[in-house]
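Next up, start.pdb (PDB, C-alpha atoms and all ligand atoms):
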ATOM      1  CA  MET A  82     108.917 102.003  83.217  1.00  0.00           C
ATOM      2  CA  LYS A  83     107.051  98.726  83.645  1.00  0.00           C
ATOM      3  CA  SER A  84     103.285  98.406  83.386  1.00  0.00           C
ATOM      4  CA  TYR A  85     101.141  95.541  84.626  1.00  0.00           C
ATOM      5  CA  ARG A  86      97.393  94.893  84.326  1.00  0.00           C
ATOM      6  CA  ARG A  87      95.171  92.229  85.841  1.00  0.00           C
ATOM      7  CA  GLU A  88      91.428  91.776  86.290  1.00  0.00           C
ATOM      8  CA  LEU A  89      89.995  90.072  89.372  1.00  0.00           C
ATOM      9  CA  THR A  90      86.477  88.614  89.184  1.00  0.00           C
ATOM     10  CA  PHE A  91      84.014  88.325  92.071  1.00  0.00           C
ATOM     11  CA  ASN A  92      80.640  86.612  92.155  1.00  0.00           C
ATOM     12  CA  THR A  93      79.227  87.109  95.641  1.00  0.00           C
ATOM     13  CA  SER A  94      76.464  84.924  97.046  1.00  0.00           C
ATOM     14  CA  HIS A  95      74.750  87.943  98.670  1.00  0.00           C
ATOM     15  CA  ARG A  96      73.403  91.155  97.177  1.00  0.00           C
ATOM     16  CA  ARG A  97      75.840  93.110  99.370  1.00  0.00           C
ATOM     17  CA  ASP A  98      79.265  91.907 100.461  1.00  0.00           C
ATOM     18  CA  TYR A  99      82.561  93.320 101.683  1.00  0.00           C
ATOM     19  CA  ILE A 100      85.608  91.298 100.668  1.00  0.00           C
ATOM     20  CA  ASN A 101      89.199  91.888 101.738  1.00  0.00           C
ATOM     21  CA  ILE A 102      91.072  91.678  98.413  1.00  0.00           C
ATOM     22  CA  THR A 103      94.498  92.675  99.787  1.00  0.00           C
ATOM     23  CA  PRO A 104      95.974  89.173  99.219  1.00  0.00           C
ATOM     24  CA  GLN A 105      94.958  89.199  95.528  1.00  0.00           C
ATOM     25  CA  VAL A 106      96.431  92.685  95.031  1.00  0.00           C
ATOM     26  CA  GLU A 107      99.661  91.635  96.784  1.00  0.00           C
ATOM     27  CA  GLU A 108      99.859  88.613  94.502  1.00  0.00           C
ATOM     28  CA  ALA A 109      99.415  90.861  91.459  1.00  0.00           C
ATOM     29  CA  LEU A 110     102.188  93.113  92.752  1.00  0.00           C
ATOM     30  CA  ARG A 111     104.533  90.125  93.205  1.00  0.00           C
ATOM     31  CA  GLU A 112     103.745  88.943  89.682  1.00  0.00           C
ATOM     32  CA  SER A 113     104.384  92.421  88.261  1.00  0.00           C
ATOM     33  CA  GLY A 114     107.943  92.458  89.592  1.00  0.00           C
ATOM     34  CA  ILE A 115     107.542  96.199  90.238  1.00  0.00           C
ATOM     35  CA  ARG A 116     109.433  97.471  93.323  1.00  0.00           C
ATOM     36  CA  GLU A 117     108.792 101.241  93.206  1.00  0.00           C
ATOM     37  CA  GLY A 118     105.671 102.810  91.750  1.00  0.00           C
ATOM     38  CA  MET A 119     101.903 103.095  92.100  1.00  0.00           C
ATOM     39  CA  CYS A 120      99.113 100.558  92.258  1.00  0.00           C
ATOM     40  CA  LEU A 121      95.579 101.488  91.173  1.00  0.00           C
ATOM     41  CA  VAL A 122      92.664  99.206  92.103  1.00  0.00           C
ATOM     42  CA  ASN A 123      89.208 100.097  90.770  1.00  0.00           C
ATOM     43  CA  ALA A 124      85.778  98.541  90.506  1.00  0.00           C
ATOM     44  CA  MET A 125      84.833  98.142  86.832  1.00  0.00           C
ATOM     45  CA  HIS A 126      81.098  98.286  87.604  1.00  0.00           C
ATOM     46  CA  ILE A 127      78.978 101.233  88.758  1.00  0.00           C
ATOM     47  CA  THR A 128      77.255  99.279  91.534  1.00  0.00           C
ATOM     48  CA  ALA A 129      80.447  98.210  93.380  1.00  0.00           C
ATOM     49  CA  SER A 130      83.317  99.997  95.125  1.00  0.00           C
ATOM     50  CA  VAL A 131      86.943  99.554  96.035  1.00  0.00           C
ATOM     51  CA  TYR A 132      87.932 101.248  99.287  1.00  0.00           C
ATOM     52  CA  ILE A 133      90.513 101.034 102.073  1.00  0.00           C
ATOM     53  CA  ASN A 134      89.658 100.552 105.726  1.00  0.00           C
ATOM     54  CA  ASP A 135      90.031  98.189 108.676  1.00  0.00           C
ATOM     55  CA  ASP A 136      89.233  94.477 108.351  1.00  0.00           C
ATOM     56  CA  GLU A 137      87.119  94.349 111.493  1.00  0.00           C
ATOM     57  CA  ARG A 138      83.719  92.631 111.657  1.00  0.00           C
ATOM     58  CA  GLY A 139      82.047  95.355 113.735  1.00  0.00           C
ATOM     59  CA  LEU A 140      83.137  98.064 111.300  1.00  0.00           C
ATOM     60  CA  LEU A 141      82.011  96.038 108.281  1.00  0.00           C
ATOM     61  CA  ASN A 142      78.553  95.685 109.862  1.00  0.00           C
ATOM     62  CA  ASP A 143      78.543  99.397 110.770  1.00  0.00           C
ATOM     63  CA  ILE A 144      79.389 100.366 107.176  1.00  0.00           C
ATOM     64  CA  ASP A 145      76.609  98.146 105.836  1.00  0.00           C
ATOM     65  CA  ASP A 146      74.061  99.551 108.312  1.00  0.00           C
ATOM     66  CA  TRP A 147      75.174 103.123 107.538  1.00  0.00           C
ATOM     67  CA  LEU A 148      74.797 102.569 103.767  1.00  0.00           C
ATOM     68  CA  GLU A 149      71.391 100.938 104.237  1.00  0.00           C
ATOM     69  CA  GLY A 150      70.364 103.931 106.342  1.00  0.00           C
ATOM     70  CA  LEU A 151      71.429 106.355 103.603  1.00  0.00           C
ATOM     71  CA  ALA A 152      70.083 104.360 100.650  1.00  0.00           C
ATOM     72  CA  PRO A 153      67.899 101.432 101.729  1.00  0.00           C
ATOM     73  CA  HIS A 154      67.489  98.674  99.138  1.00  0.00           C
ATOM     74  CA  GLU A 155      63.740  98.523  99.759  1.00  0.00           C
ATOM     75  CA  PRO A 156      61.227  99.659  98.859  1.00  0.00           C
ATOM     76  CA  VAL A 157      62.752  99.513  95.375  1.00  0.00           C
ATOM     77  CA  ASP A 158      60.068 101.830  93.966  1.00  0.00           C
ATOM     78  CA  ARG A 159      61.480 104.741  95.982  1.00  0.00           C
ATOM     79  CA  TYR A 160      64.216 105.084  93.302  1.00  0.00           C
ATOM     80  CA  ARG A 161      63.447 106.632  89.921  1.00  0.00           C
ATOM     81  CA  HIS A 162      66.365 104.627  88.463  1.00  0.00           C
ATOM     82  CA  ASN A 163      64.490 101.394  89.155  1.00  0.00           C
ATOM     83  CA  GLY A 164      62.544 100.731  85.987  1.00  0.00           C
ATOM     84  CA  MET A 165      63.964  97.592  84.411  1.00  0.00           C
ATOM     85  CA  GLU A 166      66.225  97.000  87.443  1.00  0.00           C
ATOM     86  CA  ASP A 167      66.177  97.136  91.223  1.00  0.00           C
ATOM     87  CA  ASN A 168      69.656  98.488  91.927  1.00  0.00           C
ATOM     88  CA  GLY A 169      69.053 102.208  92.444  1.00  0.00           C
ATOM     89  CA  ASP A 170      70.393 101.892  95.992  1.00  0.00           C
ATOM     90  CA  ALA A 171      73.553 100.137  94.743  1.00  0.00           C
ATOM     91  CA  HIS A 172      74.491 103.086  92.485  1.00  0.00           C
ATOM     92  CA  LEU A 173      74.180 105.476  95.453  1.00  0.00           C
ATOM     93  CA  LYS A 174      76.168 103.183  97.768  1.00  0.00           C
ATOM     94  CA  ARG A 175      78.934 102.946  95.185  1.00  0.00           C
ATOM     95  CA  GLN A 176      78.990 106.724  94.826  1.00  0.00           C
ATOM     96  CA  ILE A 177      79.661 107.321  98.500  1.00  0.00           C
ATOM     97  CA  MET A 178      82.131 104.425  98.930  1.00  0.00           C
ATOM     98  CA  GLY A 179      84.124 105.398  95.843  1.00  0.00           C
ATOM     99  CA  ARG A 180      85.375 103.829  92.667  1.00  0.00           C
ATOM    100  CA  GLU A 181      89.093 103.258  93.295  1.00  0.00           C
ATOM    101  CA  VAL A 182      92.117 103.401  95.545  1.00  0.00           C
ATOM    102  CA  VAL A 183      95.749 104.171  94.771  1.00  0.00           C
ATOM    103  CA  ILE A 184      98.492 102.666  96.920  1.00  0.00           C
ATOM    104  CA  ALA A 185     102.171 103.571  96.806  1.00  0.00           C
ATOM    105  CA  VAL A 186     104.517 100.681  96.053  1.00  0.00           C
ATOM    106  CA  THR A 187     107.748 100.837  98.037  1.00  0.00           C
ATOM    107  CA  GLY A 188     110.382  98.114  98.144  1.00  0.00           C
ATOM    108  CA  GLY A 189     108.063  95.715  96.332  1.00  0.00           C
ATOM    109  CA  LYS A 190     105.310  96.070  98.960  1.00  0.00           C
ATOM    110  CA  LEU A 191     102.002  97.960  99.245  1.00  0.00           C
ATOM    111  CA  ASP A 192     102.977 100.932 101.408  1.00  0.00           C
ATOM    112  CA  PHE A 193     100.023 100.910 103.825  1.00  0.00           C
ATOM    113  CA  GLY A 194      99.357 102.901 106.955  1.00  0.00           C
ATOM    114  CA  PRO A 195      98.356 101.054 110.127  1.00  0.00           C
ATOM    115  CA  TRP A 196      95.433  98.603 109.668  1.00  0.00           C
ATOM    116  CA  GLU A 197      94.820  99.601 106.057  1.00  0.00           C
ATOM    117  CA  GLN A 198      93.314  96.834 103.950  1.00  0.00           C
ATOM    118  CA  ILE A 199      91.795  96.945 100.454  1.00  0.00           C
ATOM    119  CA  PHE A 200      88.130  95.989 100.176  1.00  0.00           C
ATOM    120  CA  TYR A 201      85.798  95.170  97.341  1.00  0.00           C
ATOM    121  CA  GLY A 202      82.356  96.505  98.294  1.00  0.00           C
ATOM    122  CA  GLU A 203      79.582  94.765  96.392  1.00  0.00           C
ATOM    123  CA  PHE A 204      76.139  96.389  96.370  1.00  0.00           C
ATOM    124  CA  ASP A 205      74.384  94.433  93.618  1.00  0.00           C
ATOM    125  CA  GLY A 206      76.033  91.022  93.554  1.00  0.00           C
ATOM    126  CA  ARG A 207      75.129  87.443  92.654  1.00  0.00           C
ATOM    127  CA  ARG A 208      76.733  87.879  89.226  1.00  0.00           C
ATOM    128  CA  ALA A 209      80.325  88.020  87.967  1.00  0.00           C
ATOM    129  CA  LYS A 210      81.849  91.483  88.327  1.00  0.00           C
ATOM    130  CA  ARG A 211      85.390  92.706  87.758  1.00  0.00           C
ATOM    131  CA  VAL A 212      88.052  94.741  89.513  1.00  0.00           C
ATOM    132  CA  LEU A 213      91.011  96.215  87.629  1.00  0.00           C
ATOM    133  CA  VAL A 214      94.521  96.188  89.118  1.00  0.00           C
ATOM    134  CA  LYS A 215      96.991  98.432  87.286  1.00  0.00           C
ATOM    135  CA  ILE A 216     100.545  98.822  88.518  1.00  0.00           C
ATOM    136  CA  ILE A 217     103.164 101.118  87.022  1.00  0.00           C
ATOM    137  CA  GLY A 218     106.747 101.704  88.078  1.00  0.00           C
ATOM    138  CA  GLU A 219     110.202 100.195  88.022  1.00  0.00           C
TER     139      GLU A 219
HETATM  140 ZN    ZN B 301      71.269 100.377  87.575  1.00  0.00          ZN
END

Please, can you express the file's structure as structure tokens?
Amino acid sequence: MKSYRRELTFNTSHRRDYINITPQVEEALRESGIREGMCLVNAMHITASVYINDDERGLLNDIDDWLEGLAPHEPVDRYRHNGMEDNGDAHLKRQIMGREVVIAVTGGKLDFGPWEQIFYGEFDGRRAKRVLVKIIGE
């Protein structure tokens, strides 16, 4: 069995951002040489998510509005977590959007359903943060 590991780094210009990282994951898969197996992609920080959904502007705005409705960034003093920091909302957003995704690898490709794309969801950006790509198989 082969094993491959790569870290991707993102430094978004906004506090919150939603980035389609499918091309970077596909590049990692090509580099791995793995044809059959599993690909794990996870955020390495507890204020960011990796998730799969449609790359459609309306949906991305809907997701952001929905998360802000559930856990608004402001006022920051509504969160008990916010003592030294102001990212209480970001921890809650990450919790609901998830830590990781796993995608089957078939014939050297990510074996997606219709319209599936991999996203990095940033909820406390403007600093370098990492995503782990781990691929195992043959
Ligand atoms: Zn925090």

Running the PyMOL selection byres (((not hetatm)) within 8 of (chain B and resi 301)) on this model by hand, what would come out? Give it as number ranges by chain. A: 127-128, 162-163, 166-169, 171-172

Taking C-alpha atoms for each residue, export the selection above as an mmCIF file, in the coordinates of the input.
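After the write, out.cif holds the following:
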data_model
loop_
_atom_site.group_PDB
_atom_site.id
_atom_site.type_symbol
_atom_site.label_atom_id
_atom_site.label_comp_id
_atom_site.auth_asym_id
_atom_site.auth_seq_id
_atom_site.Cartn_x
_atom_site.Cartn_y
_atom_site.Cartn_z
ATOM 1 C CA ILE A 127 78.978 101.233 88.758
ATOM 2 C CA THR A 128 77.255 99.279 91.534
ATOM 3 C CA HIS A 162 66.365 104.627 88.463
ATOM 4 C CA ASN A 163 64.490 101.394 89.155
ATOM 5 C CA GLU A 166 66.225 97.000 87.443
ATOM 6 C CA ASP A 167 66.177 97.136 91.223
ATOM 7 C CA ASN A 168 69.656 98.488 91.927
ATOM 8 C CA GLY A 169 69.053 102.208 92.444
ATOM 9 C CA ALA A 171 73.553 100.137 94.743
ATOM 10 C CA HIS A 172 74.491 103.086 92.485
#

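Applied to the file shown here, the PyMOL selection byres (((chain A and resi 99-107) around 9) and not hetatm) selects the residues A:Leu89, A:Arg97, A:Asp98, A:Glu108, A:Ala109, A:Leu110, A:Arg111, A:Glu112, A:Cys120, A:Val122, A:Asp136, A:Leu141, A:Asp145, A:Lys190, A:Leu191, A:Gln198, A:Ile199, A:Phe200, A:Tyr201, A:Gly202, A:Glu203, A:Phe204, A:Val214.
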
Which residues, written as a list in words, have at least one atom at most 9 Å from Gly189 of chain A, with all atoms listed in the file counted and residues fewer than 5 positions away on the same chain left out? Leu110, Arg111, Gly114, Ile115, Arg116, Glu117 and Gly118 of chain A

Can you work out which one of A:Ala152, A:Val183, A:Leu121, A:Val157 has the shortest atom-to-atom distance to Val212 of chain A, counting only C-alpha atoms?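 Checking each of A:Ala152, A:Val183, A:Leu121, A:Val157 against Val212 of chain A, counting only C-alpha atoms, the winner is A:Leu121.
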
Have a look at A:Ser130, A:Thr93, A:Ser84, A:Asn142 and name the one nearest to Ile217 of chain A; count all atoms listed in the file.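 With all atoms listed in the file as the atom set, the closest residue is A:Ser84.
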
Suppose a student applies the PyMOL selection byres (((chain A and resi 94) around 8) and not hetatm) to this structure; what residues should they get, written as a VMD selection string? chain A and resid 92 to 93 95 to 96 206 to 207

For atom CA of Asn134 of chain A and atom CA of Phe193 of chain A, quote the distance in Å rounded to one decimal.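 One can read the atom CA of Asn134 of chain A to atom CA of Phe193 of chain A distance as 10.5 Å.
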
Considering all atoms listed in the file, can you say which of A:Gly150, A:Phe91, A:Gly218, A:Lys210 comes closest to Lys174 of chain A?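 Distance minimum relative to Lys174 of chain A lands on A:Gly150.
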
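Residue nearest Asp170 of chain A, chosen from A:Leu148, A:Val186, A:Val131, A:Ile216 and counting only C-alpha atoms: A:Leu148.
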
How many Å separate atom CA of Met178 of chain A from atom CA of Asp205 of chain A?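 About the pair atom CA of Met178 of chain A and atom CA of Asp205 of chain A: they are 13.7 Å apart.
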
Would you compute the distance between atom CA of Leu213 of chain A and atom CA of Asp143 of chain A? Give it in Å to one decimal.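 Result for atom CA of Leu213 of chain A versus atom CA of Asp143 of chain A: 26.5 Å, one decimal.
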
If I only want segment 179-207 of chain A, can you write it with N, CA, C and O atoms, as a short mmCIF file (atom, residue, chain, number, x, y, z; two decimals), in the first residue's frame?
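Below you can see part_39.cif, which holds the result:
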data_model
loop_
_atom_site.label_atom_id
_atom_site.label_comp_id
_atom_site.auth_asym_id
_atom_site.auth_seq_id
_atom_site.Cartn_x
_atom_site.Cartn_y
_atom_site.Cartn_z
N GLY A 179 -17.94 21.03 9.96
CA GLY A 179 -17.16 19.80 9.97
C GLY A 179 -15.66 20.02 9.83
O GLY A 179 -15.19 21.07 9.42
N ARG A 180 -14.95 18.99 10.19
CA ARG A 180 -13.49 19.02 10.16
C ARG A 180 -12.91 18.50 8.85
O ARG A 180 -11.92 19.02 8.35
N GLU A 181 -13.51 17.40 8.29
CA GLU A 181 -12.85 16.71 7.19
C GLU A 181 -13.84 16.11 6.22
O GLU A 181 -15.04 15.99 6.51
N VAL A 182 -13.30 15.71 5.07
CA VAL A 182 -14.05 14.90 4.11
C VAL A 182 -13.17 13.73 3.69
O VAL A 182 -11.94 13.80 3.77
N VAL A 183 -13.82 12.66 3.27
CA VAL A 183 -13.12 11.50 2.72
C VAL A 183 -13.72 11.22 1.35
O VAL A 183 -14.95 11.18 1.21
N ILE A 184 -12.86 11.09 0.35
CA ILE A 184 -13.33 10.87 -1.02
C ILE A 184 -12.70 9.57 -1.53
O ILE A 184 -11.49 9.36 -1.37
N ALA A 185 -13.52 8.73 -2.12
CA ALA A 185 -12.99 7.51 -2.75
C ALA A 185 -12.12 7.89 -3.94
O ALA A 185 -12.43 8.85 -4.67
N VAL A 186 -11.05 7.14 -4.14
CA VAL A 186 -10.21 7.31 -5.32
C VAL A 186 -10.42 6.09 -6.21
O VAL A 186 -10.21 4.94 -5.78
N THR A 187 -10.86 6.34 -7.43
CA THR A 187 -11.16 5.26 -8.38
C THR A 187 -10.53 5.61 -9.72
O THR A 187 -10.78 6.69 -10.25
N GLY A 188 -9.72 4.71 -10.23
CA GLY A 188 -9.09 4.95 -11.53
C GLY A 188 -8.24 6.21 -11.55
O GLY A 188 -8.13 6.88 -12.59
N GLY A 189 -7.64 6.54 -10.42
CA GLY A 189 -6.76 7.71 -10.35
C GLY A 189 -7.49 9.03 -10.24
O GLY A 189 -6.85 10.09 -10.31
N LYS A 190 -8.82 8.99 -10.07
CA LYS A 190 -9.61 10.23 -9.96
C LYS A 190 -10.38 10.25 -8.63
O LYS A 190 -10.71 9.20 -8.07
N LEU A 191 -10.73 11.48 -8.19
CA LEU A 191 -11.65 11.65 -7.05
C LEU A 191 -13.02 11.22 -7.54
O LEU A 191 -13.53 11.74 -8.54
N ASP A 192 -13.63 10.28 -6.83
CA ASP A 192 -14.87 9.65 -7.30
C ASP A 192 -16.08 10.41 -6.74
O ASP A 192 -16.78 9.96 -5.83
N PHE A 193 -16.33 11.59 -7.33
CA PHE A 193 -17.38 12.49 -6.86
C PHE A 193 -18.75 12.11 -7.39
O PHE A 193 -18.87 11.57 -8.49
N GLY A 194 -19.78 12.51 -6.63
CA GLY A 194 -21.13 12.56 -7.16
C GLY A 194 -21.31 13.86 -7.94
O GLY A 194 -20.41 14.70 -7.99
N PRO A 195 -22.51 14.04 -8.53
CA PRO A 195 -22.75 15.22 -9.35
C PRO A 195 -22.55 16.52 -8.56
O PRO A 195 -23.06 16.65 -7.46
N TRP A 196 -21.79 17.44 -9.12
CA TRP A 196 -21.58 18.80 -8.60
C TRP A 196 -20.75 18.85 -7.33
O TRP A 196 -20.57 19.93 -6.75
N GLU A 197 -20.25 17.73 -6.85
CA GLU A 197 -19.47 17.77 -5.62
C GLU A 197 -18.11 18.44 -5.85
O GLU A 197 -17.39 18.09 -6.78
N GLN A 198 -17.81 19.39 -4.96
CA GLN A 198 -16.52 20.06 -4.97
C GLN A 198 -16.06 20.19 -3.52
O GLN A 198 -16.88 20.32 -2.61
N ILE A 199 -14.73 20.19 -3.32
CA ILE A 199 -14.18 20.27 -1.97
C ILE A 199 -13.89 21.74 -1.64
O ILE A 199 -13.22 22.43 -2.41
N PHE A 200 -14.38 22.16 -0.48
CA PHE A 200 -14.18 23.55 -0.05
C PHE A 200 -13.41 23.63 1.24
O PHE A 200 -13.58 22.80 2.15
N TYR A 201 -12.57 24.68 1.32
CA TYR A 201 -11.98 25.11 2.57
C TYR A 201 -12.85 26.26 3.08
O TYR A 201 -13.00 27.27 2.40
N GLY A 202 -13.44 26.09 4.25
CA GLY A 202 -14.24 27.14 4.88
C GLY A 202 -13.42 27.80 5.97
O GLY A 202 -13.04 27.14 6.94
N GLU A 203 -13.13 29.05 5.77
CA GLU A 203 -12.33 29.82 6.75
C GLU A 203 -13.25 30.70 7.57
O GLU A 203 -14.08 31.42 7.00
N PHE A 204 -13.13 30.64 8.89
CA PHE A 204 -14.00 31.43 9.77
C PHE A 204 -13.22 32.40 10.65
O PHE A 204 -13.83 33.17 11.40
N ASP A 205 -11.90 32.32 10.61
CA ASP A 205 -11.08 33.26 11.37
C ASP A 205 -9.75 33.39 10.63
O ASP A 205 -8.71 32.90 11.08
N GLY A 206 -9.81 34.05 9.48
CA GLY A 206 -8.68 34.06 8.55
C GLY A 206 -7.72 35.21 8.79
O GLY A 206 -7.54 35.67 9.91
N ARG A 207 -7.07 35.63 7.69
CA ARG A 207 -6.07 36.69 7.70
C ARG A 207 -4.81 36.26 8.44
O ARG A 207 -4.13 37.06 9.07
#
